[in-house]
Structures are given as structure tokens and as C-alpha cells.
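Asks: Contents of entry-v7.txt (compact mmCIF, C-alpha atoms):
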```txt
# COMPACT_ATOMS: atom_id res chain seq x y z
CA MET Q 1 0.00 0.00 0.00
CA SER Q 2 1.04 3.52 -0.65
CA ARG Q 3 1.44 6.20 2.02
CA GLU Q 4 -2.25 7.10 2.41
CA ALA Q 5 -1.96 8.98 5.69
CA SER Q 6 1.77 9.24 5.82
CA ASP Q 7 1.91 12.61 7.42
CA ARG Q 8 5.36 13.62 6.32
CA SER Q 9 5.26 17.03 7.94
CA THR Q 10 4.96 18.01 11.55
CA PRO Q 11 1.51 19.50 12.08
CA SER Q 12 2.27 20.58 15.64
CA GLU Q 13 1.02 23.55 17.58
CA HIS Q 14 2.50 27.05 17.62
CA ALA Q 15 5.99 27.18 19.08
CA PRO Q 16 7.33 30.26 20.88
CA GLY Q 17 9.16 32.59 18.53
CA HIS Q 18 7.67 31.06 15.36
CA GLU Q 19 4.98 33.02 13.60
CA GLY Q 20 3.71 30.39 11.18
CA VAL Q 21 0.68 30.82 8.95
CA SER Q 22 -2.69 31.57 10.49
CA PRO Q 23 -5.29 28.93 9.54
CA THR Q 24 -7.92 31.68 9.40
CA ARG Q 25 -5.99 33.50 6.66
CA LEU Q 26 -6.26 30.63 4.21
CA ASP Q 27 -8.87 30.02 1.55
CA TRP Q 28 -10.10 26.54 2.50
CA ARG Q 29 -11.58 24.60 -0.43
CA LEU Q 30 -12.83 21.07 -0.92
CA HIS Q 31 -12.19 19.81 -4.45
CA ALA Q 32 -13.24 16.67 -6.28
CA PHE Q 33 -10.40 15.58 -8.56
CA ASP Q 34 -12.13 16.76 -11.74
CA GLN Q 35 -12.80 20.19 -10.20
CA PHE Q 36 -9.12 21.13 -10.16
CA ASP Q 37 -7.91 23.24 -13.02
CA VAL Q 38 -4.56 22.22 -14.48
CA ARG Q 39 -2.57 24.81 -12.50
CA GLN Q 40 -4.26 23.87 -9.20
CA LEU Q 41 -3.60 20.18 -9.79
CA TYR Q 42 0.04 20.91 -10.61
CA VAL Q 43 0.49 23.00 -7.44
CA VAL Q 44 -1.14 20.32 -5.24
CA LEU Q 45 0.93 17.49 -6.72
CA ALA Q 46 4.11 19.58 -6.50
CA ALA Q 47 3.41 20.22 -2.79
CA ARG Q 48 2.92 16.50 -2.19
CA VAL Q 49 6.16 15.61 -3.97
CA ALA Q 50 8.03 18.35 -2.08
CA VAL Q 51 6.93 16.93 1.27
CA PHE Q 52 6.48 13.20 0.70
CA VAL Q 53 9.37 12.53 -1.69
CA VAL Q 54 11.98 15.28 -1.38
CA GLU Q 55 11.70 16.52 2.22
CA GLN Q 56 11.18 13.06 3.68
CA ASP Q 57 13.83 11.53 1.41
CA CYS Q 58 11.36 8.85 0.42
CA PRO Q 59 11.82 7.88 -3.25
CA TYR Q 60 8.44 6.20 -3.67
CA GLN Q 61 5.66 6.99 -6.12
CA ASP Q 62 3.15 9.41 -4.57
CA LEU Q 63 0.52 8.92 -7.26
CA ASP Q 64 -1.37 5.75 -6.44
CA GLY Q 65 -4.45 5.81 -8.65
CA LEU Q 66 -6.79 6.92 -5.84
CA ASP Q 67 -6.78 10.68 -6.36
CA ASP Q 68 -9.70 10.61 -8.79
CA LEU Q 69 -11.84 8.87 -6.12
CA ALA Q 70 -10.90 11.29 -3.37
CA LEU Q 71 -11.94 14.66 -2.06
CA HIS Q 72 -9.04 17.05 -1.69
CA LEU Q 73 -9.09 19.56 1.16
CA VAL Q 74 -6.73 22.43 0.38
CA GLY Q 75 -5.73 25.49 2.37
CA TRP Q 76 -4.74 27.93 -0.38
CA ASP Q 77 -2.61 30.97 0.39
CA ASP Q 78 -3.48 34.25 -1.34
CA ASP Q 79 -0.61 33.71 -3.79
CA GLY Q 80 -2.11 30.41 -4.98
CA SER Q 81 0.30 28.17 -3.10
CA VAL Q 82 -0.75 25.13 -1.06
CA VAL Q 83 -0.17 25.70 2.65
CA ALA Q 84 -2.23 22.74 3.90
CA TYR Q 85 -3.60 19.64 2.20
CA ALA Q 86 -5.36 16.38 3.05
CA ARG Q 87 -6.86 13.69 0.86
CA ILE Q 88 -10.16 12.15 1.96
CA LEU Q 89 -10.95 8.69 0.60
CA PRO Q 90 -14.43 7.16 0.67
CA PRO Q 91 -15.20 3.91 2.52
CA GLY Q 92 -13.98 0.79 0.74
CA THR Q 93 -11.14 2.55 -1.07
CA ARG Q 94 -8.06 2.07 1.06
CA PHE Q 95 -9.83 0.99 4.23
CA GLU Q 96 -13.32 -0.23 5.02
CA GLN Q 97 -13.90 3.15 6.68
CA PRO Q 98 -13.47 6.61 5.16
CA SER Q 99 -9.89 7.75 5.60
CA ILE Q 100 -7.71 10.83 5.68
CA GLY Q 101 -4.27 10.77 4.15
CA ARG Q 102 -1.54 12.64 2.35
CA VAL Q 103 -1.76 15.18 5.18
CA LEU Q 104 0.74 17.98 4.77
CA THR Q 105 1.50 21.51 5.84
CA SER Q 106 4.05 23.71 4.11
CA LEU Q 107 7.21 24.69 5.98
CA ASP Q 108 5.75 28.15 6.61
CA GLY Q 109 2.54 26.62 7.92
CA ARG Q 110 4.05 24.44 10.60
CA ARG Q 111 3.93 25.06 14.32
CA SER Q 112 0.97 27.41 13.94
CA GLY Q 113 -1.97 25.12 14.74
CA LEU Q 114 -2.52 24.57 11.04
CA GLY Q 115 -2.22 20.78 11.27
CA ARG Q 116 -4.97 20.66 13.88
CA GLU Q 117 -7.21 22.93 11.84
CA LEU Q 118 -6.61 20.86 8.71
CA MET Q 119 -7.50 17.64 10.52
CA ARG Q 120 -10.54 19.24 12.19
CA ARG Q 121 -11.86 20.27 8.79
CA ALA Q 122 -11.12 16.87 7.20
CA ILE Q 123 -12.91 15.07 10.06
CA GLU Q 124 -15.85 17.44 9.65
CA VAL Q 125 -16.07 16.61 5.93
CA ILE Q 126 -16.18 12.89 6.73
CA GLY Q 127 -18.84 13.46 9.40
CA GLU Q 128 -21.00 15.30 6.85
CA ARG Q 129 -20.40 12.95 3.90
CA TYR Q 130 -20.32 9.65 5.77
CA PRO Q 131 -22.43 10.07 8.93
CA GLY Q 132 -22.03 7.37 11.53
CA CYS Q 133 -18.66 6.21 10.16
CA PRO Q 134 -15.41 6.11 12.09
CA VAL Q 135 -12.36 7.71 10.47
CA ARG Q 136 -9.26 5.67 9.65
CA ILE Q 137 -5.68 6.83 9.14
CA SER Q 138 -2.28 5.26 8.66
CA ALA Q 139 -0.03 7.58 10.66
CA GLN Q 140 3.70 7.86 10.93
CA CYS Q 141 4.66 6.63 14.39
CA TYR Q 142 6.29 9.91 15.40
CA LEU Q 143 2.91 11.64 14.96
CA GLU Q 144 0.97 9.18 17.12
CA ARG Q 145 0.65 11.63 20.03
CA PHE Q 146 -0.64 14.39 17.75
CA TYR Q 147 -3.42 12.14 16.43
CA CYS Q 148 -4.24 10.79 19.89
CA GLU Q 149 -4.80 14.40 21.00
CA LEU Q 150 -7.37 14.65 18.20
CA GLY Q 151 -9.21 11.58 19.50
CA PHE Q 152 -7.66 8.85 17.35
CA ALA Q 153 -6.61 5.57 18.96
CA VAL Q 154 -3.93 3.17 17.74
CA ASP Q 155 -5.36 -0.15 16.66
CA SER Q 156 -2.49 -1.92 14.94
CA ALA Q 157 1.04 -2.96 15.66
CA PRO Q 158 3.68 -0.71 14.07
CA TYR Q 159 4.50 -1.61 10.48
CA GLU Q 160 6.75 -0.18 7.82
CA GLU Q 161 5.32 1.62 4.83
CA ASP Q 162 7.72 2.98 2.22
CA GLY Q 163 10.55 2.58 4.73
CA ILE Q 164 8.83 4.64 7.46
CA PRO Q 165 7.26 3.21 10.67
CA HIS Q 166 3.46 3.64 10.76
CA VAL Q 167 0.47 2.60 12.85
CA GLU Q 168 -3.17 2.41 11.89
CA MET Q 169 -5.41 4.64 13.98
CA GLN Q 170 -9.14 5.15 14.18
CA LEU Q 171 -11.40 7.97 15.34
CA PRO Q 172 -14.76 6.71 16.65
CA ALA Q 173 -17.85 7.67 14.65
CA SER Q 174 -19.13 9.59 17.68
CA ALA Q 175 -16.06 11.86 17.51
CA ALA Q 176 -16.36 12.36 13.76
CA GLY Q 177 -19.74 14.02 14.12
CA SER Q 178 -22.60 13.79 11.71
```
How does this structure look as C-alpha cells?
Replies:
Amino acid sequence: MSREASDRSTPSEHAPGHEGVSPTRLDWRLHAFDQFDVRQLYVVLAARVAVFVVEQDCPYQDLDGLDDLALHLVGWDDDGSVVAYARILPPGTRFEQPSIGRVLTSLDGRRSGLGRELMRRAIEVIGERYPGCPVRISAQCYLERFYCELGFAVDSAPYEEDGIPHVEMQLPASAAGS
């Protein structure tokens, strides 16, 4: 399996002395794959490659054939760059449950609460689109605490995906809202 929720960036909270990007400043949009224009698609895929391949030194194919089935939550900056991104897959695609993956924040967006806001919005989308469903992720082990703070619980032994330790985690349907 590809890195569905391989959160290759650190979506941690604001750190003293670091300004970061305010989540409220972004233009949050939910896109179906065929709603992207060519430039938007290019910018999104370039952001994913920058984080998941280059920054994480992980020479694995990011494109896995699931993007056309997904919803894409994007936090656009006013200059048209991607500051935050998550891919939402429907039930029965990667997991039995709906899932969130390809979670990233740009370097400028880290340590500002942006990761939490991105996940809050992605969970909200799942609650609206798939009421009564839990949310599944495959998280990098070093981000386990972050996701636990959002209500996710580990429910697998650690495993390696693309050379990086991961665990599967699930958010109960009651926490996903509906």
C-alpha cells in the first residue's frame, strides 16, 4: 500500500518565537479531482512531492491511482500556493472506513496550529459525507501523540510503509460528528 496517511510534515502547535501561517488566513476549499484546473492540480501534486518525496527523502511513487476517487481539502494561500492539504478517501477505497491521508502543511505553515485545523476540517467533511462512520488513518509513528490528541486511537502494531514506521489509527464515529 502507498502512504495514504503518511503525514510527512509536523503539524504541531504554535511554538514560541515562530509566527507560522494563520489557519484563518487561508482560503479553504474542498475539491473533487475533476474540479481542479490544471494549474491547481500541478500545485497540489508539487506540494505532495516536495513533502512526501523530497523533504522526507522517500523515493516512492506518490501517485497511487486513488486521487480521482478522493476529495481534496486544500488550504490555499493568497498567492495560490498550497499551505495545507489532506486527501479524503471514501469507505472501501483504502480501508473499510473513510480515511484521511496525504496530510501535509508547508514549511511556513508548521507550528501554527494549522495541522490541527486541517484535521478538524477533514474530520468534519467525513462526518458530513459519511455520517455514523469512524475515520481511519495510517499515521507515521512519530505523529501518534498528535493524532491521539485529536481523538484517534492506535489499533495496529507498528509496520513499515515505504521505509517509514506507521500505525493504523481510528477515530470513533461519535467523535467524527454527523
Asks: Tell me which residues come within 10 Å of (-6.5, 22.3, 5.0), as JSON, numbers by chain, counting only C-alpha atoms in the file's coordinates.
Replies: {"Q": [23, 26, 27, 28, 29, 30, 72, 73, 74, 75, 76, 82, 83, 84, 85, 86, 87, 103, 104, 105, 114, 115, 116, 117, 118, 119, 120, 121, 122]}
Asks: If you measure from atom CA of Arg129 of chain Q to atom CA of Phe36 of chain Q, what distance in Å do you get, rounded to one decimal?
Replies: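 Atom CA of Phe36 of chain Q lies at a distance of 19.8 Å from atom CA of Arg129 of chain Q.
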Asks: Which polymer residues have any atom within 9 Å of an atom of Leu89 of chain Q, counting only C-alpha atoms, with same-chain residues fewer than 6 positions away left out, as a list of chain:residue names?
Replies: Q:Leu66, Q:Asp67, Q:Leu69, Q:Ala70, Q:Leu71, Q:His72, Q:Phe95, Q:Gln97, Q:Pro98, Q:Ser99, Q:Ile100, Q:Gly101
Asks: For Gly177 of chain Q, please output as a list in words all residues within 10 Å (counting only C-alpha atoms; exclusion window: fewer than 2 positions along the same chain).
Replies: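 Those residues are Ile123, Glu124, Val125, Ile126, Gly127, Glu128, Tyr130, Pro131, Gly132, Cys133, Pro134, Pro172, Ala173, Ser174 and Ala175 of chain Q.
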Asks: If I take atom CA of Val21 of chain Q and atom CA of Gly109 of chain Q, how far is one from the other in Å, to one decimal?
Replies: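 Separation between atom CA of Val21 of chain Q and atom CA of Gly109 of chain Q: 4.7 Å.
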Asks: Do you know which residues are at most 12 Å from Cys148 of chain Q counting all atoms listed in the file, after dropping those on the same chain fewer than 2 positions away, and could you put them as a PDB file with C-alpha atoms, in the frame of the given file?
Replies:
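File produced: around_31.pdb:
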```
ATOM      1  CA  ARG Q 116      -4.970  20.660  13.880  1.00  0.00           C
ATOM      2  CA  ILE Q 137      -5.680   6.830   9.140  1.00  0.00           C
ATOM      3  CA  ALA Q 139      -0.030   7.580  10.660  1.00  0.00           C
ATOM      4  CA  CYS Q 141       4.660   6.630  14.390  1.00  0.00           C
ATOM      5  CA  TYR Q 142       6.290   9.910  15.400  1.00  0.00           C
ATOM      6  CA  LEU Q 143       2.910  11.640  14.960  1.00  0.00           C
ATOM      7  CA  GLU Q 144       0.970   9.180  17.120  1.00  0.00           C
ATOM      8  CA  ARG Q 145       0.650  11.630  20.030  1.00  0.00           C
ATOM      9  CA  PHE Q 146      -0.640  14.390  17.750  1.00  0.00           C
ATOM     10  CA  LEU Q 150      -7.370  14.650  18.200  1.00  0.00           C
ATOM     11  CA  GLY Q 151      -9.210  11.580  19.500  1.00  0.00           C
ATOM     12  CA  PHE Q 152      -7.660   8.850  17.350  1.00  0.00           C
ATOM     13  CA  ALA Q 153      -6.610   5.570  18.960  1.00  0.00           C
ATOM     14  CA  VAL Q 154      -3.930   3.170  17.740  1.00  0.00           C
ATOM     15  CA  ASP Q 155      -5.360  -0.150  16.660  1.00  0.00           C
ATOM     16  CA  VAL Q 167       0.470   2.600  12.850  1.00  0.00           C
ATOM     17  CA  GLU Q 168      -3.170   2.410  11.890  1.00  0.00           C
ATOM     18  CA  MET Q 169      -5.410   4.640  13.980  1.00  0.00           C
ATOM     19  CA  GLN Q 170      -9.140   5.150  14.180  1.00  0.00           C
ATOM     20  CA  LEU Q 171     -11.400   7.970  15.340  1.00  0.00           C
ATOM     21  CA  PRO Q 172     -14.760   6.710  16.650  1.00  0.00           C
TER      22      PRO Q 172
END
```
Asks: Restricting the calculation to all atoms listed in the file, which member of Q:Ser81, Q:Ser156, Q:Ser106, Q:Gln61 is positioned closest to Tyr42 of chain Q?
Replies: Q:Ser81
Asks: With all atoms of segment 147-165 of chain Q from the file as input, state the centre and edge lengths in Å to one decimal of the axis-aligned box that has 6 Å extra on each side, as lines of an AutoDock Vina configuration file.
Replies:
```
center_x = 0.7
center_y = 5.8
center_z = 11.6
size_x = 31.8
size_y = 29.6
size_z = 30.8
```
Asks: Rank Q:Ser22, Q:Thr93, Q:Ser112, Q:Ser138 by their smallest atom-to-atom distance to Gly65 of chain Q, using all atoms listed in the file, and report the top residue only.
Replies: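 Of Q:Ser22, Q:Thr93, Q:Ser112, Q:Ser138, the one nearest Gly65 of chain Q is Q:Thr93, counting all atoms listed in the file.
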Asks: Supply segment 45-78 of chain Q as a PDB file, in the coordinates of the input, with N, CA and C atoms built in where the input has gaps.
Replies:
```pdb
ATOM      1  N   LEU Q  45       0.019  18.622  -6.550  1.00  0.00           N
ATOM      2  CA  LEU Q  45       0.930  17.490  -6.720  1.00  0.00           C
ATOM      3  C   LEU Q  45       2.377  17.888  -6.435  1.00  0.00           C
ATOM      4  N   ALA Q  46       2.757  19.100  -6.803  1.00  0.00           N
ATOM      5  CA  ALA Q  46       4.110  19.580  -6.500  1.00  0.00           C
ATOM      6  C   ALA Q  46       4.318  19.688  -4.988  1.00  0.00           C
ATOM      7  N   ALA Q  47       3.306  20.138  -4.258  1.00  0.00           N
ATOM      8  CA  ALA Q  47       3.410  20.220  -2.790  1.00  0.00           C
ATOM      9  C   ALA Q  47       3.559  18.827  -2.195  1.00  0.00           C
ATOM     10  N   ARG Q  48       2.807  17.861  -2.705  1.00  0.00           N
ATOM     11  CA  ARG Q  48       2.920  16.500  -2.190  1.00  0.00           C
ATOM     12  C   ARG Q  48       4.298  15.918  -2.462  1.00  0.00           C
ATOM     13  N   VAL Q  49       4.817  16.111  -3.659  1.00  0.00           N
ATOM     14  CA  VAL Q  49       6.160  15.610  -3.970  1.00  0.00           C
ATOM     15  C   VAL Q  49       7.200  16.303  -3.100  1.00  0.00           C
ATOM     16  N   ALA Q  50       7.069  17.604  -2.905  1.00  0.00           N
ATOM     17  CA  ALA Q  50       8.030  18.350  -2.080  1.00  0.00           C
ATOM     18  C   ALA Q  50       8.103  17.795  -0.670  1.00  0.00           C
ATOM     19  N   VAL Q  51       6.949  17.440  -0.101  1.00  0.00           N
ATOM     20  CA  VAL Q  51       6.930  16.930   1.270  1.00  0.00           C
ATOM     21  C   VAL Q  51       7.202  15.432   1.312  1.00  0.00           C
ATOM     22  N   PHE Q  52       6.432  14.648   0.560  1.00  0.00           N
ATOM     23  CA  PHE Q  52       6.480  13.200   0.700  1.00  0.00           C
ATOM     24  C   PHE Q  52       7.668  12.524   0.031  1.00  0.00           C
ATOM     25  N   VAL Q  53       8.239  13.129  -0.982  1.00  0.00           N
ATOM     26  CA  VAL Q  53       9.370  12.530  -1.690  1.00  0.00           C
ATOM     27  C   VAL Q  53      10.669  13.237  -1.331  1.00  0.00           C
ATOM     28  N   VAL Q  54      10.732  14.538  -1.557  1.00  0.00           N
ATOM     29  CA  VAL Q  54      11.980  15.280  -1.380  1.00  0.00           C
ATOM     30  C   VAL Q  54      12.305  15.493   0.100  1.00  0.00           C
ATOM     31  N   GLU Q  55      11.422  16.182   0.823  1.00  0.00           N
ATOM     32  CA  GLU Q  55      11.700  16.520   2.220  1.00  0.00           C
ATOM     33  C   GLU Q  55      11.903  15.277   3.083  1.00  0.00           C
ATOM     34  N   GLN Q  56      11.091  14.269   2.864  1.00  0.00           N
ATOM     35  CA  GLN Q  56      11.180  13.060   3.680  1.00  0.00           C
ATOM     36  C   GLN Q  56      12.178  12.045   3.111  1.00  0.00           C
ATOM     37  N   ASP Q  57      12.840  12.400   2.029  1.00  0.00           N
ATOM     38  CA  ASP Q  57      13.830  11.530   1.410  1.00  0.00           C
ATOM     39  C   ASP Q  57      13.261  10.127   1.214  1.00  0.00           C
ATOM     40  N   CYS Q  58      12.102  10.094   0.587  1.00  0.00           N
ATOM     41  CA  CYS Q  58      11.360   8.850   0.420  1.00  0.00           C
ATOM     42  C   CYS Q  58      11.064   8.659  -1.076  1.00  0.00           C
ATOM     43  N   PRO Q  59      11.947   7.979  -1.788  1.00  0.00           N
ATOM     44  CA  PRO Q  59      11.820   7.880  -3.250  1.00  0.00           C
ATOM     45  C   PRO Q  59      10.772   6.852  -3.695  1.00  0.00           C
ATOM     46  N   TYR Q  60       9.528   7.090  -3.284  1.00  0.00           N
ATOM     47  CA  TYR Q  60       8.440   6.200  -3.670  1.00  0.00           C
ATOM     48  C   TYR Q  60       7.399   7.007  -4.435  1.00  0.00           C
ATOM     49  N   GLN Q  61       6.684   6.351  -5.300  1.00  0.00           N
ATOM     50  CA  GLN Q  61       5.660   6.990  -6.120  1.00  0.00           C
ATOM     51  C   GLN Q  61       4.533   7.523  -5.233  1.00  0.00           C
ATOM     52  N   ASP Q  62       4.241   8.809  -5.331  1.00  0.00           N
ATOM     53  CA  ASP Q  62       3.150   9.410  -4.570  1.00  0.00           C
ATOM     54  C   ASP Q  62       1.799   9.146  -5.235  1.00  0.00           C
ATOM     55  N   LEU Q  63       1.775   9.138  -6.545  1.00  0.00           N
ATOM     56  CA  LEU Q  63       0.520   8.920  -7.260  1.00  0.00           C
ATOM     57  C   LEU Q  63       0.175   7.438  -7.225  1.00  0.00           C
ATOM     58  N   ASP Q  64      -1.002   7.140  -6.682  1.00  0.00           N
ATOM     59  CA  ASP Q  64      -1.370   5.750  -6.440  1.00  0.00           C
ATOM     60  C   ASP Q  64      -2.675   5.324  -7.099  1.00  0.00           C
ATOM     61  N   GLY Q  65      -3.219   6.163  -7.972  1.00  0.00           N
ATOM     62  CA  GLY Q  65      -4.450   5.810  -8.650  1.00  0.00           C
ATOM     63  C   GLY Q  65      -5.717   6.070  -7.859  1.00  0.00           C
ATOM     64  N   LEU Q  66      -5.609   6.666  -6.678  1.00  0.00           N
ATOM     65  CA  LEU Q  66      -6.790   6.920  -5.840  1.00  0.00           C
ATOM     66  C   LEU Q  66      -7.236   8.377  -5.845  1.00  0.00           C
ATOM     67  N   ASP Q  67      -6.441   9.253  -6.417  1.00  0.00           N
ATOM     68  CA  ASP Q  67      -6.780  10.680  -6.360  1.00  0.00           C
ATOM     69  C   ASP Q  67      -8.110  11.007  -7.032  1.00  0.00           C
ATOM     70  N   ASP Q  68      -8.443  10.310  -8.102  1.00  0.00           N
ATOM     71  CA  ASP Q  68      -9.700  10.610  -8.790  1.00  0.00           C
ATOM     72  C   ASP Q  68     -10.925  10.164  -7.997  1.00  0.00           C
ATOM     73  N   LEU Q  69     -10.740   9.320  -6.984  1.00  0.00           N
ATOM     74  CA  LEU Q  69     -11.840   8.870  -6.120  1.00  0.00           C
ATOM     75  C   LEU Q  69     -11.977   9.726  -4.872  1.00  0.00           C
ATOM     76  N   ALA Q  70     -11.007  10.564  -4.631  1.00  0.00           N
ATOM     77  CA  ALA Q  70     -10.900  11.290  -3.370  1.00  0.00           C
ATOM     78  C   ALA Q  70     -11.492  12.689  -3.431  1.00  0.00           C
ATOM     79  N   LEU Q  71     -11.717  13.223  -2.234  1.00  0.00           N
ATOM     80  CA  LEU Q  71     -11.940  14.660  -2.060  1.00  0.00           C
ATOM     81  C   LEU Q  71     -10.630  15.230  -1.574  1.00  0.00           C
ATOM     82  N   HIS Q  72     -10.317  16.422  -2.011  1.00  0.00           N
ATOM     83  CA  HIS Q  72      -9.040  17.050  -1.690  1.00  0.00           C
ATOM     84  C   HIS Q  72      -9.306  18.340  -0.937  1.00  0.00           C
ATOM     85  N   LEU Q  73      -8.919  18.368   0.328  1.00  0.00           N
ATOM     86  CA  LEU Q  73      -9.090  19.560   1.160  1.00  0.00           C
ATOM     87  C   LEU Q  73      -7.802  20.368   1.083  1.00  0.00           C
ATOM     88  N   VAL Q  74      -7.916  21.602   0.606  1.00  0.00           N
ATOM     89  CA  VAL Q  74      -6.730  22.430   0.380  1.00  0.00           C
ATOM     90  C   VAL Q  74      -6.889  23.763   1.101  1.00  0.00           C
ATOM     91  N   GLY Q  75      -5.841  24.146   1.817  1.00  0.00           N
ATOM     92  CA  GLY Q  75      -5.730  25.490   2.370  1.00  0.00           C
ATOM     93  C   GLY Q  75      -4.845  26.287   1.440  1.00  0.00           C
ATOM     94  N   TRP Q  76      -5.461  27.133   0.616  1.00  0.00           N
ATOM     95  CA  TRP Q  76      -4.740  27.930  -0.380  1.00  0.00           C
ATOM     96  C   TRP Q  76      -4.308  29.252   0.242  1.00  0.00           C
ATOM     97  N   ASP Q  77      -3.084  29.645  -0.012  1.00  0.00           N
ATOM     98  CA  ASP Q  77      -2.610  30.970   0.390  1.00  0.00           C
ATOM     99  C   ASP Q  77      -3.066  31.962  -0.683  1.00  0.00           C
ATOM    100  N   ASP Q  78      -3.001  33.249  -0.383  1.00  0.00           N
ATOM    101  CA  ASP Q  78      -3.480  34.250  -1.340  1.00  0.00           C
ATOM    102  C   ASP Q  78      -2.624  34.331  -2.605  1.00  0.00           C
TER     103      ASP Q  78
END
```
